Structures are given as C-alpha cells and as structure tokens.
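Asks: Structure: data-v4.txt, compact mmCIF, C-alpha atoms.
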# COMPACT_ATOMS: atom_id res chain seq x y z
CA PHE A 90 -15.23 25.94 -3.22
CA PRO A 91 -12.28 28.24 -3.88
CA HIS A 92 -10.32 26.88 -0.88
CA ALA A 93 -11.75 23.39 -0.82
CA ASP A 94 -8.66 21.75 0.61
CA ALA A 95 -8.54 23.97 3.67
CA LYS A 96 -12.25 23.70 4.41
CA TYR A 97 -12.85 20.13 3.23
CA PRO A 98 -9.79 17.84 3.44
CA GLY A 99 -9.56 15.65 0.36
CA ALA A 100 -11.78 17.86 -1.79
CA GLY A 101 -8.84 18.96 -3.92
CA ALA A 102 -7.75 15.42 -4.79
CA ALA A 103 -7.94 14.24 -8.40
CA GLY A 104 -7.84 17.78 -9.71
CA GLY A 105 -10.64 19.00 -7.45
CA MET A 106 -13.05 16.27 -8.48
CA GLY A 107 -13.96 15.67 -4.82
CA ALA A 108 -15.04 19.28 -4.35
CA GLY A 109 -17.21 19.16 -7.47
CA MET A 110 -18.81 15.88 -6.47
CA ALA A 111 -19.55 17.18 -2.97
CA ALA A 112 -20.92 20.50 -4.24
CA PHE A 113 -23.11 19.23 -7.07
CA PHE A 114 -24.02 15.69 -6.05
CA ARG A 115 -23.75 15.89 -2.24
CA SER A 116 -21.19 13.09 -2.37
CA ARG A 117 -19.39 11.97 0.76
CA LEU A 118 -15.63 12.54 0.65
CA GLN A 119 -13.40 9.65 1.63
CA PRO A 120 -9.89 8.52 0.69
CA GLY A 121 -9.79 6.73 -2.67
CA ILE A 122 -8.33 3.60 -1.09
CA GLU A 123 -11.49 3.23 1.01
CA THR A 124 -13.64 3.31 -2.12
CA VAL A 125 -11.43 0.75 -3.85
CA LEU A 126 -11.41 -1.61 -0.86
CA ASP A 127 -15.19 -1.39 -0.58
CA THR A 128 -15.62 -1.98 -4.31
CA VAL A 129 -13.48 -5.14 -4.36
CA ARG A 130 -15.08 -6.45 -1.14
CA PHE A 131 -11.71 -6.48 0.55
CA ALA A 132 -12.91 -7.99 3.85
CA GLU A 133 -14.34 -11.00 2.03
CA VAL A 134 -11.27 -11.45 -0.18
CA VAL A 135 -8.80 -11.54 2.73
CA ARG A 136 -10.95 -13.37 5.27
CA ASP A 137 -8.96 -16.64 4.94
CA ALA A 138 -5.63 -15.10 3.90
CA ASP A 139 -2.38 -15.94 5.66
CA TRP A 140 -0.70 -12.75 4.38
CA ILE A 141 -1.66 -9.62 2.49
CA PHE A 142 0.85 -8.11 0.07
CA THR A 143 0.39 -4.53 -1.01
CA GLY A 144 2.59 -1.89 -2.54
CA GLU A 145 3.39 1.75 -3.10
CA GLY A 146 5.86 3.63 -5.25
CA ARG A 147 7.32 5.52 -2.29
CA LEU A 148 6.63 5.09 1.38
CA ASP A 149 7.56 7.81 3.85
CA GLY A 150 6.20 9.44 6.97
CA GLN A 151 4.80 12.45 5.13
CA ARG A 152 2.63 10.44 2.77
CA LEU A 153 0.94 7.81 4.93
CA ARG A 154 -2.55 9.30 5.11
CA GLY A 155 -4.83 7.97 2.40
CA LYS A 156 -2.17 5.74 0.88
CA VAL A 157 -2.81 2.20 -0.26
CA VAL A 158 -0.48 0.63 2.30
CA SER A 159 -2.10 2.40 5.26
CA GLY A 160 -5.61 1.74 3.98
CA VAL A 161 -4.96 -1.95 3.42
CA ALA A 162 -3.33 -2.34 6.85
CA ARG A 163 -6.24 -0.55 8.53
CA ARG A 164 -8.70 -3.01 6.97
CA ALA A 165 -6.59 -6.19 7.22
CA GLY A 166 -8.54 -7.59 10.16
CA GLY A 167 -5.50 -9.05 11.90
CA VAL A 168 -3.96 -10.60 8.78
CA PRO A 169 -0.24 -9.70 8.52
CA VAL A 170 0.48 -7.07 5.86
CA ALA A 171 3.73 -6.84 3.88
CA ALA A 172 4.36 -3.70 1.86
CA ILE A 173 6.54 -4.00 -1.22
CA VAL A 174 7.62 -0.51 -2.23
CA GLY A 175 9.90 1.20 -4.69
CA ASP A 176 11.50 3.56 -2.20
CA VAL A 177 11.51 3.89 1.57
CA GLY A 178 11.85 7.44 2.89
CA GLY A 179 12.23 9.01 6.30
CA GLY A 180 9.51 8.28 8.81
CA ALA A 181 8.28 5.20 6.97
CA SER A 182 8.55 3.13 10.13
CA ALA A 183 5.32 4.82 11.27
CA VAL A 184 3.48 2.25 9.14
CA TYR A 185 4.29 -0.37 11.78
CA ASP A 186 2.04 1.54 14.19
CA ARG A 187 -0.67 1.42 11.53
CA GLY A 188 -0.68 -2.37 11.25
CA VAL A 189 1.97 -3.11 8.63
CA SER A 190 4.08 -6.15 9.55
CA ALA A 191 7.02 -5.66 7.18
CA VAL A 192 8.28 -3.28 4.49
CA PHE A 193 10.47 -4.37 1.59
CA SER A 194 12.06 -2.06 -0.96
CA ILE A 195 12.62 -3.38 -4.47
CA ASN A 196 15.58 -1.03 -4.94
CA ARG A 197 18.34 -3.62 -4.92
CA VAL A 198 21.19 -1.32 -5.96
CA ALA A 199 21.89 2.33 -5.28
CA VAL A 200 21.31 3.97 -8.66
CA PRO A 201 19.54 7.15 -9.80
CA TYR A 202 15.79 6.91 -10.42
CA LEU A 203 16.08 6.96 -14.23
CA GLU A 204 18.26 3.87 -14.08
CA ALA A 205 16.29 2.22 -11.26
CA ARG A 206 13.04 2.39 -13.20
CA LEU A 207 14.61 0.38 -16.00
CA ARG A 208 15.40 -2.37 -13.49
CA ALA A 209 12.11 -2.18 -11.58
CA ARG A 210 10.36 -5.22 -13.06
CA GLN A 211 13.29 -7.55 -12.47
CA ASP A 212 14.01 -6.05 -9.05
CA LEU A 213 10.36 -6.59 -8.05
CA GLU A 214 10.50 -10.21 -9.21
CA ASP A 215 13.74 -10.81 -7.32
CA THR A 216 12.46 -9.18 -4.13
CA VAL A 217 9.23 -11.21 -4.17
CA ALA A 218 11.23 -14.40 -4.82
CA ASP A 219 13.36 -13.62 -1.74
CA ILE A 220 10.25 -13.02 0.38
CA VAL A 221 8.76 -16.33 -0.77
CA ARG A 222 12.03 -18.12 0.08
CA VAL A 223 11.90 -16.78 3.63
CA MET A 224 8.23 -17.74 3.96
CA LYS A 225 8.95 -21.30 2.77
CA ILE A 226 11.75 -21.64 5.32
CA SER A 227 9.47 -20.34 8.05
CA TRP A 228 6.62 -22.71 7.09
CA SER A 229 9.00 -25.68 6.89
CA ALA A 230 10.44 -24.89 10.31
CA GLY A 231 6.94 -24.62 11.74
CA LYS A 232 5.99 -28.09 10.48
CA GLU A 233 8.94 -29.69 12.29
CA ASP A 234 7.68 -28.55 15.71
Transcribe the structure of this file into structure tokens.
Replies:
Amino acid sequence: FPHADAKYPGAGAAGGMGAGMAAFFRSRLQPGIETVLDTVRFAEVVRDADWIFTGEGRLDGQRLRGKVVSGVARRAGGVPVAAIVGDVGGGASAVYDRGVSAVFSINRVAVPYLEARLRARQDLEDTVADIVRVMKISWSAGKED
C-alpha cells in the first residue's frame, strides 16, 4: 500500500491505520464520523430532537468531506443542525447545501490564535448562551400565535 491515499481514499488517515486494516483484516474503509455515529446509535438519539448541535475547530470549504459537521448533517433526518465552530474559513457556506441550518463561530473578538485559545471556554459558553436566548425568544413568539 505504498500509495494508499491515491488508490484508496481514506486509507492514509490516522497515520495509515486504514490501509493496514484494509490490507490485513479486509476492513471496509469509511469516514470516522460514520463509525462514531453508528456506534452511538445516532438515528435513535436524535429521533425526537428539536435541534442538533455539533461542532468543529475550523470549518471551511476545503475540509468538509469526512468532518463531524457534514457527517452529522447528512444523518440528521430532517432535524435542524447548528454548527458551533472555533473558526469559519472561506467556502464554509457550502455546509448549508449539506443540511446545516446555521453556523456560529465562538471567536468573539479578533485576536491571534494563541490568545483566542485562552478565551475559548468562556467564548463558547457566551456563544451558546446567546443561541439559547434567541431560541427562547423564538419559542415564546411561537406560543403567542
């Protein structure tokens, strides 16, 4: 398997573990997110969900294939999906075509990464609190109709 990636997409992931598993154990290669979603019985877990929240460190157009956000959206079964991410890069809007309903970045101030990572926990909490506020307003408005 010297050129596993070219011949077998995904075989080079995890340090080539996929190639070894396929060669020696005849394993089927699939994106890791698919294995995780199967393992946690994702379809059962979200069957009665109103929303699904998922996340990623960085979301951009170049890294959508095999990512958690794309995998979750693909298997959401019509449940709206909100992605909470550290950074939003160019081309990230392509996730909307893949079933994601909304993308939120936790980067609340424009600072270099080394400083941003020190703020990440609080910025995540603040971003989620803002999302919940909007959801409460929306639910309250819906009850008045």
Asks: I want to know what sits within 9 Å of Ser159 (chain A), based on all atoms listed in the file, with residues of the same chain fewer than 4 positions away left out; could you give that as a PyMOL selection string?
Replies: chain A and resi 122+153-155+163-164+184+187-189
Asks: Tell me, as a list in words, which residues lie within 12 Å of region 197-208 of chain A, counting only C-alpha atoms; anything in the same chain fewer than 5 positions away does not count.
Replies: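 Selected residues are Gly146, Arg147, Val174, Gly175, Asp176, Leu213, Glu214, Asp215, Thr216, Val217 and Asp219 of chain A.
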Asks: Figure out the distance between CA of Arg152 (chain A) and CA of Ala108 (chain A), please, to one decimal in Å.
Replies: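 We find that CA of Ala108 (chain A) and CA of Arg152 (chain A) lie 21.0 Å from each other.
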Asks: Suppose you want the space between CA of Thr143 (chain A) and CA of Val192 (chain A); what is it in Å?
Replies: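 Distance reported for this atom pair: 9.7 Å.
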Asks: What is the distance between CA of Asn196 (chain A) and CA of Ile141 (chain A), in Å to one decimal?
Replies: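 CA of Ile141 (chain A) lies 20.6 Å from CA of Asn196 (chain A).
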Asks: Find, counting only C-alpha atoms, the residue in A:Ala218, A:Val157, A:Gln151, A:Ala138 that gets nearest to Thr124 (chain A).
Replies: A:Val157
Asks: Counting all atoms listed in the file, which residues come within 12 Å of (-13.2, -9.4, 4.5), with the point read in the file's coordinates, and could you list them as a list in words?
Replies: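 With a cut-off of 12 Å, the residues come to Leu126, Asp127, Thr128, Val129, Arg130, Phe131, Ala132, Glu133, Val134, Val135, Arg136, Asp137, Ala138, Ile141, Val161, Arg163, Arg164, Ala165, Gly166, Gly167 and Val168 of chain A.
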Asks: Once you add 6 Å to each side, what are the centre and edge lengths of the axis-aligned box holding all listed atoms of region 102-121 of chain A? One decimal in Å, as lines of an AutoDock Vina configuration file, if you can.
Replies:
center_x = -15.9
center_y = 13.6
center_z = -4.0
size_x = 28.3
size_y = 25.8
size_z = 23.3
Asks: Quick one: region 128-149 of chain A with N, CA and C atoms, as a PDB file, keeping the file's coordinate frame?
Replies:
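Okay, part.pdb is ready:
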ATOM      1  N   THR A 128     -15.207  -1.494  -2.994  1.00  0.00           N
ATOM      2  CA  THR A 128     -15.620  -1.980  -4.310  1.00  0.00           C
ATOM      3  C   THR A 128     -15.181  -3.423  -4.559  1.00  0.00           C
ATOM      4  N   VAL A 129     -13.980  -3.777  -4.126  1.00  0.00           N
ATOM      5  CA  VAL A 129     -13.480  -5.140  -4.360  1.00  0.00           C
ATOM      6  C   VAL A 129     -13.857  -6.103  -3.239  1.00  0.00           C
ATOM      7  N   ARG A 130     -14.662  -5.625  -2.275  1.00  0.00           N
ATOM      8  CA  ARG A 130     -15.080  -6.450  -1.140  1.00  0.00           C
ATOM      9  C   ARG A 130     -13.866  -7.027  -0.407  1.00  0.00           C
ATOM     10  N   PHE A 131     -12.995  -6.129  -0.042  1.00  0.00           N
ATOM     11  CA  PHE A 131     -11.710  -6.480   0.550  1.00  0.00           C
ATOM     12  C   PHE A 131     -11.847  -7.436   1.743  1.00  0.00           C
ATOM     13  N   ALA A 132     -12.754  -7.152   2.650  1.00  0.00           N
ATOM     14  CA  ALA A 132     -12.910  -7.990   3.850  1.00  0.00           C
ATOM     15  C   ALA A 132     -13.206  -9.440   3.487  1.00  0.00           C
ATOM     16  N   GLU A 133     -14.026  -9.640   2.475  1.00  0.00           N
ATOM     17  CA  GLU A 133     -14.340 -11.000   2.030  1.00  0.00           C
ATOM     18  C   GLU A 133     -13.129 -11.664   1.384  1.00  0.00           C
ATOM     19  N   VAL A 134     -12.413 -10.913   0.572  1.00  0.00           N
ATOM     20  CA  VAL A 134     -11.270 -11.450  -0.180  1.00  0.00           C
ATOM     21  C   VAL A 134     -10.172 -11.932   0.767  1.00  0.00           C
ATOM     22  N   VAL A 135      -9.921 -11.203   1.848  1.00  0.00           N
ATOM     23  CA  VAL A 135      -8.800 -11.540   2.730  1.00  0.00           C
ATOM     24  C   VAL A 135      -9.206 -12.335   3.962  1.00  0.00           C
ATOM     25  N   ARG A 136     -10.456 -12.693   4.068  1.00  0.00           N
ATOM     26  CA  ARG A 136     -10.950 -13.370   5.270  1.00  0.00           C
ATOM     27  C   ARG A 136     -10.106 -14.598   5.642  1.00  0.00           C
ATOM     28  N   ASP A 137      -9.733 -15.426   4.674  1.00  0.00           N
ATOM     29  CA  ASP A 137      -8.960 -16.640   4.940  1.00  0.00           C
ATOM     30  C   ASP A 137      -7.496 -16.526   4.548  1.00  0.00           C
ATOM     31  N   ALA A 138      -7.019 -15.314   4.350  1.00  0.00           N
ATOM     32  CA  ALA A 138      -5.630 -15.100   3.900  1.00  0.00           C
ATOM     33  C   ALA A 138      -4.651 -15.325   5.049  1.00  0.00           C
ATOM     34  N   ASP A 139      -3.476 -15.830   4.694  1.00  0.00           N
ATOM     35  CA  ASP A 139      -2.380 -15.940   5.660  1.00  0.00           C
ATOM     36  C   ASP A 139      -1.565 -14.652   5.686  1.00  0.00           C
ATOM     37  N   TRP A 140      -1.436 -13.993   4.543  1.00  0.00           N
ATOM     38  CA  TRP A 140      -0.700 -12.750   4.380  1.00  0.00           C
ATOM     39  C   TRP A 140      -1.407 -11.870   3.368  1.00  0.00           C
ATOM     40  N   ILE A 141      -1.210 -10.582   3.493  1.00  0.00           N
ATOM     41  CA  ILE A 141      -1.660  -9.620   2.490  1.00  0.00           C
ATOM     42  C   ILE A 141      -0.424  -8.895   1.986  1.00  0.00           C
ATOM     43  N   PHE A 142      -0.246  -8.854   0.675  1.00  0.00           N
ATOM     44  CA  PHE A 142       0.850  -8.110   0.070  1.00  0.00           C
ATOM     45  C   PHE A 142       0.265  -6.903  -0.642  1.00  0.00           C
ATOM     46  N   THR A 143       0.840  -5.755  -0.381  1.00  0.00           N
ATOM     47  CA  THR A 143       0.390  -4.530  -1.010  1.00  0.00           C
ATOM     48  C   THR A 143       1.626  -3.723  -1.409  1.00  0.00           C
ATOM     49  N   GLY A 144       1.429  -2.632  -2.094  1.00  0.00           N
ATOM     50  CA  GLY A 144       2.590  -1.890  -2.540  1.00  0.00           C
ATOM     51  C   GLY A 144       2.335  -0.409  -2.704  1.00  0.00           C
ATOM     52  N   GLU A 145       3.426   0.297  -2.930  1.00  0.00           N
ATOM     53  CA  GLU A 145       3.390   1.750  -3.100  1.00  0.00           C
ATOM     54  C   GLU A 145       4.680   2.129  -3.798  1.00  0.00           C
ATOM     55  N   GLY A 146       4.649   3.165  -4.589  1.00  0.00           N
ATOM     56  CA  GLY A 146       5.860   3.630  -5.250  1.00  0.00           C
ATOM     57  C   GLY A 146       6.886   4.145  -4.261  1.00  0.00           C
ATOM     58  N   ARG A 147       6.432   4.972  -3.321  1.00  0.00           N
ATOM     59  CA  ARG A 147       7.320   5.520  -2.290  1.00  0.00           C
ATOM     60  C   ARG A 147       6.564   5.521  -0.978  1.00  0.00           C
ATOM     61  N   LEU A 148       7.228   5.113   0.059  1.00  0.00           N
ATOM     62  CA  LEU A 148       6.630   5.090   1.380  1.00  0.00           C
ATOM     63  C   LEU A 148       7.472   5.946   2.306  1.00  0.00           C
ATOM     64  N   ASP A 149       6.860   6.973   2.876  1.00  0.00           N
ATOM     65  CA  ASP A 149       7.560   7.810   3.850  1.00  0.00           C
ATOM     66  C   ASP A 149       6.549   8.364   4.838  1.00  0.00           C
TER      67      ASP A 149
END
